[in-house]
Amino acid sequence: MRLQKLIAHAGVASRRGAEEMIRRGRVTVNGRVVREMGVVVDPAGDAVKCDGRIVRLPSRRHYFMLYKPKGVVSTLSDPEGRPTVRDYLPSGAGRVYPVGRLDWDTEGVLIFTDDGELANRLAHPRYGVERTYHVKVRGVVGEGVMARLREGFRLEDGPVDPEGVKVLRRGKTSTWLTITLREGRHHEVKRLFLALRHPVQKLRRVSYAGLEPGPLRPGESRPLSEEEVKRLRRLGRE
Ligand code: URA
């Protein structure tokens, strides 16, 4: 992309204004002042600055959070004709897809984007992105089970090492807990509690990569804020 076009697209100045800035030596590319017109730059790779301030094109990517309701599959289409998360996305959402999945009967935070690189990073176990759940299980969970959870636990496809686990409420026949995991394996929470003989009755993801739903109710969505997107981009890079 030509330098003056990039400056104009970034909203710093009009095309004419951008040319004037370049002529006056107010623009640098990778630290060097550029005064000639028509220099081609790579918006993703070159550091362009006007008056010392970095110039960025507005993101054309889309980022959403949906509070997925129960009874909905996490895919964009379902061969069995069940309700899908697509039914809940706003019309301006673009060609976004879900980052990871929640089970049909799980509700809570699900992120959508068309930014493939970020989606991979969020979903890949290597980056250990935190997922926090509230879970209602059958039976009264005692301290013995809590100790086993805290120590870490082996499932058939490998160890599960909860980042944090706490009882929220003990009832007569059930217990609500909060648990934070860093992987997102298939049916991980349900398999974990089933192995401990406390089958899951309700499951809710209350945060993903530190993003919380705030006032969203089941079926509602919102775009992520710029601050939230920036935070996601920093994940795994610190
Ligand atoms: N663990 C599960 O068992 N189900 C989910 O939907 C998410 C995590």
# chains A, B, ... in the order shown; residues from 1 in each chain; ligands from 1
$ residues_near_ligand --ligand "ligand 1" --cutoff "10 Å" --atoms "only C-alpha atoms and all ligand atoms" --output "short mmCIF file (atom, residue, chain, number, x, y, z; two decimals) with all heavy atoms, in the first residue's frame"
data_model
loop_
_atom_site.label_atom_id
_atom_site.label_comp_id
_atom_site.auth_asym_id
_atom_site.auth_seq_id
_atom_site.Cartn_x
_atom_site.Cartn_y
_atom_site.Cartn_z
N LYS A 70 -28.16 -22.56 26.80
CA LYS A 70 -28.22 -24.04 26.76
C LYS A 70 -29.08 -24.45 25.57
O LYS A 70 -29.90 -23.67 25.09
CB LYS A 70 -28.90 -24.56 28.02
CG LYS A 70 -28.01 -24.55 29.21
CD LYS A 70 -28.74 -25.14 30.40
CE LYS A 70 -29.67 -24.10 31.00
NZ LYS A 70 -30.23 -24.44 32.28
N SER A 74 -22.56 -25.37 19.26
CA SER A 74 -21.55 -24.31 19.08
C SER A 74 -21.07 -24.19 17.64
O SER A 74 -20.14 -23.44 17.38
CB SER A 74 -20.33 -24.59 19.95
OG SER A 74 -20.65 -24.41 21.30
N GLY A 100 -13.18 -22.43 19.77
CA GLY A 100 -13.47 -23.58 20.61
C GLY A 100 -14.97 -23.83 20.68
O GLY A 100 -15.75 -23.23 19.94
N ARG A 101 -15.34 -24.71 21.59
CA ARG A 101 -16.75 -25.08 21.67
C ARG A 101 -17.22 -25.20 23.11
O ARG A 101 -16.42 -25.44 24.00
CB ARG A 101 -16.96 -26.45 21.03
CG ARG A 101 -16.78 -26.39 19.57
CD ARG A 101 -17.30 -27.63 18.93
NE ARG A 101 -17.04 -27.54 17.50
CZ ARG A 101 -17.31 -28.49 16.64
NH1 ARG A 101 -17.83 -29.63 17.06
NH2 ARG A 101 -17.06 -28.34 15.37
N LEU A 102 -18.51 -25.05 23.25
CA LEU A 102 -19.16 -25.44 24.51
C LEU A 102 -20.15 -26.53 24.16
O LEU A 102 -20.73 -26.52 23.06
CB LEU A 102 -19.90 -24.24 25.13
CG LEU A 102 -19.02 -23.12 25.71
CD1 LEU A 102 -19.88 -21.95 26.16
CD2 LEU A 102 -18.19 -23.64 26.88
N ASP A 103 -20.37 -27.44 25.08
CA ASP A 103 -21.33 -28.51 24.83
C ASP A 103 -22.72 -27.94 24.61
O ASP A 103 -23.04 -26.84 25.07
CB ASP A 103 -21.40 -29.47 26.03
CG ASP A 103 -20.11 -30.25 26.19
OD1 ASP A 103 -19.35 -30.37 25.21
OD2 ASP A 103 -19.86 -30.74 27.31
N TRP A 104 -23.54 -28.73 23.98
CA TRP A 104 -24.93 -28.37 23.71
C TRP A 104 -25.65 -27.85 24.96
O TRP A 104 -26.37 -26.86 24.93
CB TRP A 104 -25.62 -29.63 23.16
CG TRP A 104 -27.07 -29.48 22.90
CD1 TRP A 104 -27.63 -28.91 21.80
CD2 TRP A 104 -28.14 -29.90 23.75
NE1 TRP A 104 -28.99 -28.94 21.90
CE2 TRP A 104 -29.33 -29.55 23.09
CE3 TRP A 104 -28.20 -30.53 24.99
CZ2 TRP A 104 -30.57 -29.82 23.64
CZ3 TRP A 104 -29.45 -30.79 25.53
CH2 TRP A 104 -30.62 -30.43 24.87
N ASP A 105 -25.41 -28.52 26.09
CA ASP A 105 -26.14 -28.16 27.31
C ASP A 105 -25.33 -27.25 28.24
O ASP A 105 -25.69 -27.06 29.40
CB ASP A 105 -26.59 -29.43 28.05
CG ASP A 105 -25.43 -30.37 28.32
OD1 ASP A 105 -24.30 -30.10 27.84
OD2 ASP A 105 -25.64 -31.40 29.01
N THR A 106 -24.20 -26.71 27.77
CA THR A 106 -23.42 -25.76 28.56
C THR A 106 -23.77 -24.35 28.11
O THR A 106 -23.94 -24.11 26.91
CB THR A 106 -21.90 -25.99 28.34
OG1 THR A 106 -21.58 -27.32 28.72
CG2 THR A 106 -21.06 -25.01 29.14
N GLU A 107 -23.86 -23.42 29.07
CA GLU A 107 -24.07 -22.03 28.69
C GLU A 107 -22.84 -21.21 29.03
O GLU A 107 -21.94 -21.69 29.71
CB GLU A 107 -25.31 -21.45 29.39
CG GLU A 107 -25.20 -21.37 30.90
CD GLU A 107 -26.45 -20.73 31.53
OE1 GLU A 107 -27.57 -21.18 31.22
OE2 GLU A 107 -26.27 -19.81 32.34
N GLY A 108 -22.80 -19.99 28.52
CA GLY A 108 -21.73 -19.09 28.94
C GLY A 108 -20.93 -18.49 27.80
O GLY A 108 -21.34 -18.52 26.64
N ARG A 131 -9.90 -20.76 31.31
CA ARG A 131 -11.36 -20.86 31.16
C ARG A 131 -11.91 -21.10 32.57
O ARG A 131 -11.50 -22.06 33.23
CB ARG A 131 -11.74 -22.08 30.33
CG ARG A 131 -11.39 -21.99 28.87
CD ARG A 131 -10.31 -22.95 28.53
NE ARG A 131 -10.24 -23.17 27.10
CZ ARG A 131 -9.11 -23.12 26.40
NH1 ARG A 131 -7.95 -22.88 26.98
NH2 ARG A 131 -9.13 -23.34 25.11
N THR A 132 -12.82 -20.27 33.00
CA THR A 132 -13.39 -20.44 34.34
C THR A 132 -14.86 -20.84 34.22
O THR A 132 -15.60 -20.24 33.43
CB THR A 132 -13.22 -19.16 35.18
OG1 THR A 132 -11.82 -18.91 35.30
CG2 THR A 132 -13.81 -19.32 36.57
N TYR A 133 -15.22 -21.84 34.99
CA TYR A 133 -16.58 -22.38 34.95
C TYR A 133 -17.22 -22.32 36.33
O TYR A 133 -16.53 -22.43 37.35
CB TYR A 133 -16.56 -23.86 34.53
CG TYR A 133 -15.96 -24.09 33.18
CD1 TYR A 133 -14.59 -24.30 33.03
CD2 TYR A 133 -16.75 -24.09 32.03
CE1 TYR A 133 -14.02 -24.50 31.78
CE2 TYR A 133 -16.20 -24.30 30.78
CZ TYR A 133 -14.84 -24.50 30.66
OH TYR A 133 -14.28 -24.69 29.41
N VAL A 135 -19.96 -24.70 38.13
CA VAL A 135 -20.48 -26.02 37.84
C VAL A 135 -21.30 -26.55 39.03
O VAL A 135 -20.88 -26.40 40.18
CB VAL A 135 -19.31 -26.98 37.46
CG1 VAL A 135 -18.20 -26.98 38.46
CG2 VAL A 135 -19.78 -28.40 37.23
N LEU A 181 -9.59 -23.93 34.31
CA LEU A 181 -8.72 -24.86 33.57
C LEU A 181 -8.00 -24.10 32.47
O LEU A 181 -8.44 -23.03 32.06
CB LEU A 181 -9.56 -25.99 32.97
CG LEU A 181 -10.34 -26.84 33.98
CD1 LEU A 181 -11.28 -27.80 33.26
CD2 LEU A 181 -9.39 -27.63 34.87
N GLU A 183 -6.95 -25.70 29.41
CA GLU A 183 -6.79 -26.43 28.15
C GLU A 183 -7.99 -26.44 27.23
O GLU A 183 -7.88 -26.09 26.07
CB GLU A 183 -6.37 -27.85 28.44
CG GLU A 183 -4.86 -27.99 28.49
CD GLU A 183 -4.47 -29.41 28.71
OE1 GLU A 183 -4.73 -29.91 29.83
OE2 GLU A 183 -3.98 -30.04 27.78
N GLY A 184 -9.13 -26.84 27.75
CA GLY A 184 -10.30 -26.90 26.87
C GLY A 184 -10.41 -28.20 26.13
O GLY A 184 -10.69 -28.20 24.93
N ARG A 185 -10.11 -29.31 26.81
CA ARG A 185 -10.29 -30.61 26.16
C ARG A 185 -11.77 -30.98 26.12
O ARG A 185 -12.55 -30.48 26.92
CB ARG A 185 -9.48 -31.68 26.92
CG ARG A 185 -8.09 -31.81 26.34
CD ARG A 185 -7.05 -32.09 27.36
NE ARG A 185 -7.37 -33.18 28.24
CZ ARG A 185 -6.64 -33.46 29.31
NH1 ARG A 185 -5.59 -32.73 29.62
NH2 ARG A 185 -6.97 -34.46 30.09
N HIS A 186 -12.07 -31.88 25.21
CA HIS A 186 -13.45 -32.28 24.99
C HIS A 186 -14.11 -32.75 26.29
O HIS A 186 -13.58 -33.65 26.96
CB HIS A 186 -13.42 -33.41 23.94
CG HIS A 186 -14.71 -33.60 23.25
ND1 HIS A 186 -15.40 -32.55 22.69
CD2 HIS A 186 -15.44 -34.70 23.04
CE1 HIS A 186 -16.51 -33.02 22.16
NE2 HIS A 186 -16.56 -34.32 22.36
N HIS A 187 -15.25 -32.18 26.64
CA HIS A 187 -16.02 -32.56 27.84
C HIS A 187 -15.16 -32.60 29.11
O HIS A 187 -15.40 -33.41 30.00
CB HIS A 187 -16.66 -33.94 27.66
CG HIS A 187 -17.58 -34.04 26.49
ND1 HIS A 187 -18.45 -33.05 26.15
CD2 HIS A 187 -17.74 -35.04 25.58
CE1 HIS A 187 -19.13 -33.42 25.07
NE2 HIS A 187 -18.70 -34.60 24.69
N GLU A 188 -14.17 -31.73 29.17
CA GLU A 188 -13.18 -31.83 30.24
C GLU A 188 -13.79 -31.74 31.64
O GLU A 188 -13.49 -32.55 32.53
CB GLU A 188 -12.14 -30.73 30.05
CG GLU A 188 -10.89 -30.93 30.87
CD GLU A 188 -9.82 -29.91 30.51
OE1 GLU A 188 -10.15 -28.88 29.87
OE2 GLU A 188 -8.66 -30.15 30.87
N VAL A 189 -14.65 -30.75 31.84
CA VAL A 189 -15.21 -30.55 33.19
C VAL A 189 -16.13 -31.73 33.55
O VAL A 189 -16.07 -32.28 34.66
CB VAL A 189 -15.97 -29.21 33.27
CG1 VAL A 189 -16.62 -29.04 34.63
CG2 VAL A 189 -15.03 -28.05 32.97
N LYS A 190 -16.93 -32.13 32.59
CA LYS A 190 -17.87 -33.23 32.87
C LYS A 190 -17.12 -34.53 33.16
O LYS A 190 -17.49 -35.27 34.07
CB LYS A 190 -18.80 -33.44 31.67
CG LYS A 190 -19.80 -32.30 31.51
CD LYS A 190 -20.67 -32.57 30.32
CE LYS A 190 -21.60 -31.40 30.08
NZ LYS A 190 -22.20 -31.43 28.75
N ARG A 191 -16.08 -34.79 32.38
CA ARG A 191 -15.33 -36.04 32.61
C ARG A 191 -14.61 -36.01 33.94
O ARG A 191 -14.52 -37.01 34.64
CB ARG A 191 -14.34 -36.27 31.46
CG ARG A 191 -15.04 -36.64 30.16
CD ARG A 191 -14.07 -37.09 29.11
NE ARG A 191 -13.23 -36.02 28.63
CZ ARG A 191 -11.91 -36.09 28.52
NH1 ARG A 191 -11.26 -37.19 28.84
NH2 ARG A 191 -11.22 -35.07 28.06
N LEU A 192 -14.10 -34.84 34.29
CA LEU A 192 -13.37 -34.70 35.55
C LEU A 192 -14.28 -35.02 36.74
O LEU A 192 -13.94 -35.83 37.60
CB LEU A 192 -12.84 -33.26 35.63
CG LEU A 192 -12.06 -32.86 36.85
CD1 LEU A 192 -10.77 -33.67 36.92
CD2 LEU A 192 -11.72 -31.37 36.78
N PHE A 193 -15.45 -34.41 36.77
CA PHE A 193 -16.34 -34.61 37.92
C PHE A 193 -16.99 -35.99 37.89
O PHE A 193 -17.25 -36.57 38.95
CB PHE A 193 -17.36 -33.49 38.02
CG PHE A 193 -16.76 -32.23 38.59
CD1 PHE A 193 -16.33 -31.21 37.76
CD2 PHE A 193 -16.57 -32.10 39.96
CE1 PHE A 193 -15.74 -30.07 38.29
CE2 PHE A 193 -15.98 -30.96 40.51
CZ PHE A 193 -15.56 -29.94 39.66
N LEU A 194 -17.21 -36.52 36.69
CA LEU A 194 -17.76 -37.88 36.62
C LEU A 194 -16.76 -38.87 37.23
O LEU A 194 -17.14 -39.77 37.98
CB LEU A 194 -18.05 -38.24 35.15
CG LEU A 194 -18.83 -39.51 34.94
CD1 LEU A 194 -20.21 -39.41 35.59
CD2 LEU A 194 -18.99 -39.81 33.44
N VAL A 200 -21.89 -33.88 36.56
CA VAL A 200 -22.26 -32.48 36.36
C VAL A 200 -23.75 -32.37 36.05
O VAL A 200 -24.29 -33.09 35.21
CB VAL A 200 -21.43 -31.87 35.20
CG1 VAL A 200 -21.99 -30.52 34.76
CG2 VAL A 200 -19.96 -31.72 35.62
N LYS A 202 -25.17 -28.90 35.94
CA LYS A 202 -25.25 -27.63 35.20
C LYS A 202 -23.83 -27.13 34.99
O LYS A 202 -23.00 -27.25 35.90
CB LYS A 202 -26.01 -26.57 36.00
CG LYS A 202 -27.48 -26.75 35.98
CD LYS A 202 -28.18 -25.58 36.64
CE LYS A 202 -29.67 -25.89 36.67
NZ LYS A 202 -30.38 -25.07 37.62
N LEU A 203 -23.61 -26.53 33.83
CA LEU A 203 -22.27 -26.02 33.55
C LEU A 203 -22.37 -24.68 32.82
O LEU A 203 -23.13 -24.54 31.87
CB LEU A 203 -21.50 -27.04 32.68
CG LEU A 203 -20.03 -26.74 32.40
CD1 LEU A 203 -19.23 -26.53 33.68
CD2 LEU A 203 -19.41 -27.88 31.59
N ARG A 204 -21.58 -23.75 33.33
CA ARG A 204 -21.63 -22.37 32.85
C ARG A 204 -20.20 -21.85 32.75
O ARG A 204 -19.47 -21.93 33.74
CB ARG A 204 -22.33 -21.60 33.98
CG ARG A 204 -23.06 -20.39 33.60
CD ARG A 204 -23.78 -19.87 34.83
NE ARG A 204 -25.08 -20.47 35.03
CZ ARG A 204 -25.75 -20.42 36.17
NH1 ARG A 204 -25.23 -19.85 37.25
NH2 ARG A 204 -26.93 -20.97 36.25
N ARG A 205 -19.80 -21.36 31.59
CA ARG A 205 -18.47 -20.75 31.51
C ARG A 205 -18.60 -19.27 31.82
O ARG A 205 -19.30 -18.56 31.10
CB ARG A 205 -17.84 -20.95 30.14
CG ARG A 205 -16.41 -20.42 30.11
CD ARG A 205 -15.56 -21.07 29.08
NE ARG A 205 -15.96 -20.72 27.74
CZ ARG A 205 -15.54 -21.35 26.65
NH1 ARG A 205 -14.72 -22.37 26.76
NH2 ARG A 205 -15.95 -20.99 25.46
#
$ select_by_dssp --residues "region 25-125 of chain A" --states "alpha helix (DSSP H)" --output "count of residues only"
8
$ residues_around --residues "Gly52 (chain A)" --least-positions-apart "2" --cutoff "12 Å" --atoms "only C-alpha atoms" --output "list in words"
Gly25, Arg26, Val27, Thr28, Val29, Asn30, Gly31, Arg32, Val33, Ala47, Val48, Lys49, Cys50, Ile54 and Val55 of chain A
$ select_by_dssp --residues "region 87-159 of chain A" --states "strand (DSSP E or B)" --output "ChimeraX atom specification"
/A:97-98,107-113,131-138,153-155,158-159
$ write_last_selection --atoms "N, CA and C atoms" --output "short mmCIF file (atom, residue, chain, number, x, y, z; two decimals), in the first residue's frame"
data_model
loop_
_atom_site.label_atom_id
_atom_site.label_comp_id
_atom_site.auth_asym_id
_atom_site.auth_seq_id
_atom_site.Cartn_x
_atom_site.Cartn_y
_atom_site.Cartn_z
N TYR A 97 -16.41 -17.10 13.35
CA TYR A 97 -16.68 -18.46 13.79
C TYR A 97 -16.27 -18.59 15.26
N PRO A 98 -16.79 -19.61 15.94
CA PRO A 98 -16.51 -19.70 17.38
C PRO A 98 -15.08 -20.17 17.66
N GLU A 107 -23.86 -23.42 29.07
CA GLU A 107 -24.07 -22.03 28.69
C GLU A 107 -22.84 -21.21 29.03
N GLY A 108 -22.80 -19.99 28.52
CA GLY A 108 -21.73 -19.09 28.94
C GLY A 108 -20.93 -18.49 27.80
N VAL A 109 -19.77 -17.98 28.20
CA VAL A 109 -18.95 -17.14 27.32
C VAL A 109 -18.37 -17.92 26.15
N LEU A 110 -18.68 -17.44 24.93
CA LEU A 110 -18.10 -18.02 23.72
C LEU A 110 -17.64 -16.84 22.86
N ILE A 111 -16.37 -16.90 22.44
CA ILE A 111 -15.81 -15.80 21.64
C ILE A 111 -15.91 -16.16 20.16
N PHE A 112 -16.19 -15.17 19.35
CA PHE A 112 -16.26 -15.34 17.89
C PHE A 112 -15.33 -14.35 17.22
N THR A 113 -14.65 -14.80 16.18
CA THR A 113 -13.84 -13.88 15.40
C THR A 113 -13.61 -14.42 14.00
N ARG A 131 -9.90 -20.76 31.31
CA ARG A 131 -11.36 -20.86 31.16
C ARG A 131 -11.91 -21.10 32.57
N THR A 132 -12.82 -20.27 33.00
CA THR A 132 -13.39 -20.44 34.34
C THR A 132 -14.86 -20.84 34.22
N TYR A 133 -15.22 -21.84 34.99
CA TYR A 133 -16.58 -22.38 34.95
C TYR A 133 -17.22 -22.32 36.33
N HIS A 134 -18.54 -22.16 36.34
CA HIS A 134 -19.33 -22.47 37.52
C HIS A 134 -20.04 -23.78 37.20
N VAL A 135 -19.96 -24.70 38.13
CA VAL A 135 -20.48 -26.02 37.84
C VAL A 135 -21.30 -26.55 39.03
N LYS A 136 -22.46 -27.07 38.71
CA LYS A 136 -23.28 -27.70 39.75
C LYS A 136 -23.14 -29.21 39.57
N VAL A 137 -22.72 -29.88 40.63
CA VAL A 137 -22.54 -31.33 40.54
C VAL A 137 -23.46 -32.04 41.53
N ARG A 138 -23.72 -33.30 41.22
CA ARG A 138 -24.57 -34.09 42.11
C ARG A 138 -23.79 -34.47 43.37
N PHE A 153 -5.35 -34.32 38.53
CA PHE A 153 -6.10 -35.54 38.35
C PHE A 153 -5.80 -36.11 36.98
N ARG A 154 -5.79 -37.44 36.86
CA ARG A 154 -5.49 -38.01 35.55
C ARG A 154 -6.76 -38.53 34.89
N LEU A 155 -7.03 -38.05 33.69
CA LEU A 155 -8.12 -38.59 32.88
C LEU A 155 -7.50 -39.48 31.80
N GLY A 158 -4.95 -37.80 29.61
CA GLY A 158 -3.85 -37.03 30.20
C GLY A 158 -4.25 -36.34 31.48
N PRO A 159 -3.27 -35.70 32.12
CA PRO A 159 -3.54 -35.06 33.41
C PRO A 159 -4.36 -33.77 33.27
#
$ residues_around --residues "Pro90 (chain A)" --least-positions-apart "3" --cutoff "9 Å" --atoms "only C-alpha atoms" --output "ChimeraX atom specification"
/A:86-87,93-94,221-222
$ write_last_selection --atoms "N, CA and C atoms" --output "CSV table (one decimal), in the first residue's frame"
chain,number,residue,atom,x,y,z
A,86,ARG,N,-25.2,-19.6,15.4
A,86,ARG,CA,-25.4,-18.6,14.3
A,86,ARG,C,-26.7,-17.8,14.5
A,87,ASP,N,-27.7,-18.5,15.0
A,87,ASP,CA,-29.0,-17.9,15.2
A,87,ASP,C,-28.9,-16.7,16.1
A,93,ALA,N,-22.0,-9.2,12.1
A,93,ALA,CA,-20.9,-9.9,12.7
A,93,ALA,C,-19.9,-10.4,11.7
A,94,GLY,N,-20.2,-10.3,10.4
A,94,GLY,CA,-19.2,-10.7,9.5
A,94,GLY,C,-19.1,-12.3,9.4
A,221,SER,N,-25.3,-11.0,22.7
A,221,SER,CA,-23.9,-10.9,22.3
A,221,SER,C,-23.5,-9.4,22.3
A,222,ARG,N,-22.2,-9.2,22.3
A,222,ARG,CA,-21.7,-7.8,22.2
A,222,ARG,C,-20.3,-7.9,21.5
$ atom_distance --atom1 "CA of Asp42 (chain A)" --atom2 "CA of Arg2 (chain A)"
8.6 Å
$ residues_around --residues "Leu6 (chain A)" --least-positions-apart "2" --cutoff "9 Å" --atoms "only C-alpha atoms" --output "list in words"
Met1, Arg2, Leu3, Gln4, Ala8, His9, Ala10, Gly11, Arg15, Ala18, Val41, Pro43, Val48, Val55, Arg56 and Leu57 of chain A
$ residues_around --residues "Leu168 (chain A)" --least-positions-apart "5" --cutoff "7 Å" --atoms "only C-alpha atoms" --output "ChimeraX atom specification"
/A:176-178
$ write_last_selection --atoms "all heavy atoms" --output "PDB file, in the first residue's frame"
ATOM      1  N   TRP A 176     -22.259 -26.405  44.207  1.00  0.00           N
ATOM      2  CA  TRP A 176     -21.785 -25.480  43.166  1.00  0.00           C
ATOM      3  C   TRP A 176     -20.313 -25.191  43.424  1.00  0.00           C
ATOM      4  O   TRP A 176     -19.917 -24.890  44.545  1.00  0.00           O
ATOM      5  CB  TRP A 176     -22.547 -24.157  43.215  1.00  0.00           C
ATOM      6  CG  TRP A 176     -23.834 -24.138  42.473  1.00  0.00           C
ATOM      7  CD1 TRP A 176     -25.078 -24.278  42.991  1.00  0.00           C
ATOM      8  CD2 TRP A 176     -24.002 -23.934  41.057  1.00  0.00           C
ATOM      9  NE1 TRP A 176     -26.029 -24.182  41.992  1.00  0.00           N
ATOM     10  CE2 TRP A 176     -25.390 -23.967  40.793  1.00  0.00           C
ATOM     11  CE3 TRP A 176     -23.126 -23.727  39.983  1.00  0.00           C
ATOM     12  CZ2 TRP A 176     -25.912 -23.806  39.507  1.00  0.00           C
ATOM     13  CZ3 TRP A 176     -23.645 -23.568  38.708  1.00  0.00           C
ATOM     14  CH2 TRP A 176     -25.022 -23.609  38.480  1.00  0.00           C
ATOM     15  N   LEU A 177     -19.511 -25.300  42.367  1.00  0.00           N
ATOM     16  CA  LEU A 177     -18.090 -24.990  42.497  1.00  0.00           C
ATOM     17  C   LEU A 177     -17.676 -24.039  41.380  1.00  0.00           C
ATOM     18  O   LEU A 177     -18.364 -23.931  40.367  1.00  0.00           O
ATOM     19  CB  LEU A 177     -17.224 -26.254  42.342  1.00  0.00           C
ATOM     20  CG  LEU A 177     -17.475 -27.406  43.283  1.00  0.00           C
ATOM     21  CD1 LEU A 177     -18.308 -28.464  42.595  1.00  0.00           C
ATOM     22  CD2 LEU A 177     -16.150 -28.023  43.718  1.00  0.00           C
ATOM     23  N   THR A 178     -16.515 -23.416  41.580  1.00  0.00           N
ATOM     24  CA  THR A 178     -15.898 -22.703  40.461  1.00  0.00           C
ATOM     25  C   THR A 178     -14.556 -23.376  40.196  1.00  0.00           C
ATOM     26  O   THR A 178     -13.840 -23.753  41.132  1.00  0.00           O
ATOM     27  CB  THR A 178     -15.746 -21.189  40.732  1.00  0.00           C
ATOM     28  OG1 THR A 178     -15.048 -20.611  39.638  1.00  0.00           O
ATOM     29  CG2 THR A 178     -14.998 -20.882  42.002  1.00  0.00           C
TER      30      THR A 178
END
$ atom_distance --atom1 "CA of Leu232 (chain A)" --atom2 "CA of Tyr63 (chain A)"
10.5 Å
$ closest_residue --among "A:Leu89, A:Val40, A:Val129, A:Val141" --to "His198 (chain A)" --atoms "only C-alpha atoms"
A:Val141
$ residues_around --residues "Pro83 (chain A)" --least-positions-apart "2" --cutoff "9 Å" --atoms "only C-alpha atoms" --output "PDB file with N, CA and C atoms, in the first residue's frame"
ATOM      1  N   GLY A  71     -28.903 -25.684  25.125  1.00  0.00           N
ATOM      2  CA  GLY A  71     -29.776 -26.199  24.076  1.00  0.00           C
ATOM      3  C   GLY A  71     -29.429 -25.684  22.696  1.00  0.00           C
ATOM      4  N   VAL A  72     -28.171 -25.260  22.531  1.00  0.00           N
ATOM      5  CA  VAL A  72     -27.720 -24.697  21.257  1.00  0.00           C
ATOM      6  C   VAL A  72     -26.349 -25.300  20.954  1.00  0.00           C
ATOM      7  N   VAL A  73     -26.130 -25.718  19.697  1.00  0.00           N
ATOM      8  CA  VAL A  73     -24.803 -26.273  19.365  1.00  0.00           C
ATOM      9  C   VAL A  73     -23.858 -25.125  19.003  1.00  0.00           C
ATOM     10  N   SER A  77     -23.510 -24.506  11.631  1.00  0.00           N
ATOM     11  CA  SER A  77     -24.648 -25.220  11.033  1.00  0.00           C
ATOM     12  C   SER A  77     -24.684 -26.613  11.653  1.00  0.00           C
ATOM     13  N   ASP A  78     -25.857 -27.194  11.676  1.00  0.00           N
ATOM     14  CA  ASP A  78     -25.989 -28.507  12.305  1.00  0.00           C
ATOM     15  C   ASP A  78     -26.769 -29.437  11.382  1.00  0.00           C
ATOM     16  N   GLY A  81     -30.198 -30.243  12.374  1.00  0.00           N
ATOM     17  CA  GLY A  81     -31.190 -29.169  12.406  1.00  0.00           C
ATOM     18  C   GLY A  81     -31.442 -28.575  13.784  1.00  0.00           C
ATOM     19  N   VAL A  85     -25.355 -21.551  17.216  1.00  0.00           N
ATOM     20  CA  VAL A  85     -24.958 -20.224  17.691  1.00  0.00           C
ATOM     21  C   VAL A  85     -25.146 -19.165  16.603  1.00  0.00           C
ATOM     22  N   ARG A  86     -25.162 -19.572  15.351  1.00  0.00           N
ATOM     23  CA  ARG A  86     -25.365 -18.596  14.260  1.00  0.00           C
ATOM     24  C   ARG A  86     -26.675 -17.820  14.452  1.00  0.00           C
ATOM     25  N   ASP A  87     -27.679 -18.524  14.988  1.00  0.00           N
ATOM     26  CA  ASP A  87     -28.988 -17.883  15.183  1.00  0.00           C
ATOM     27  C   ASP A  87     -28.907 -16.689  16.144  1.00  0.00           C
TER      28      ASP A  87
END
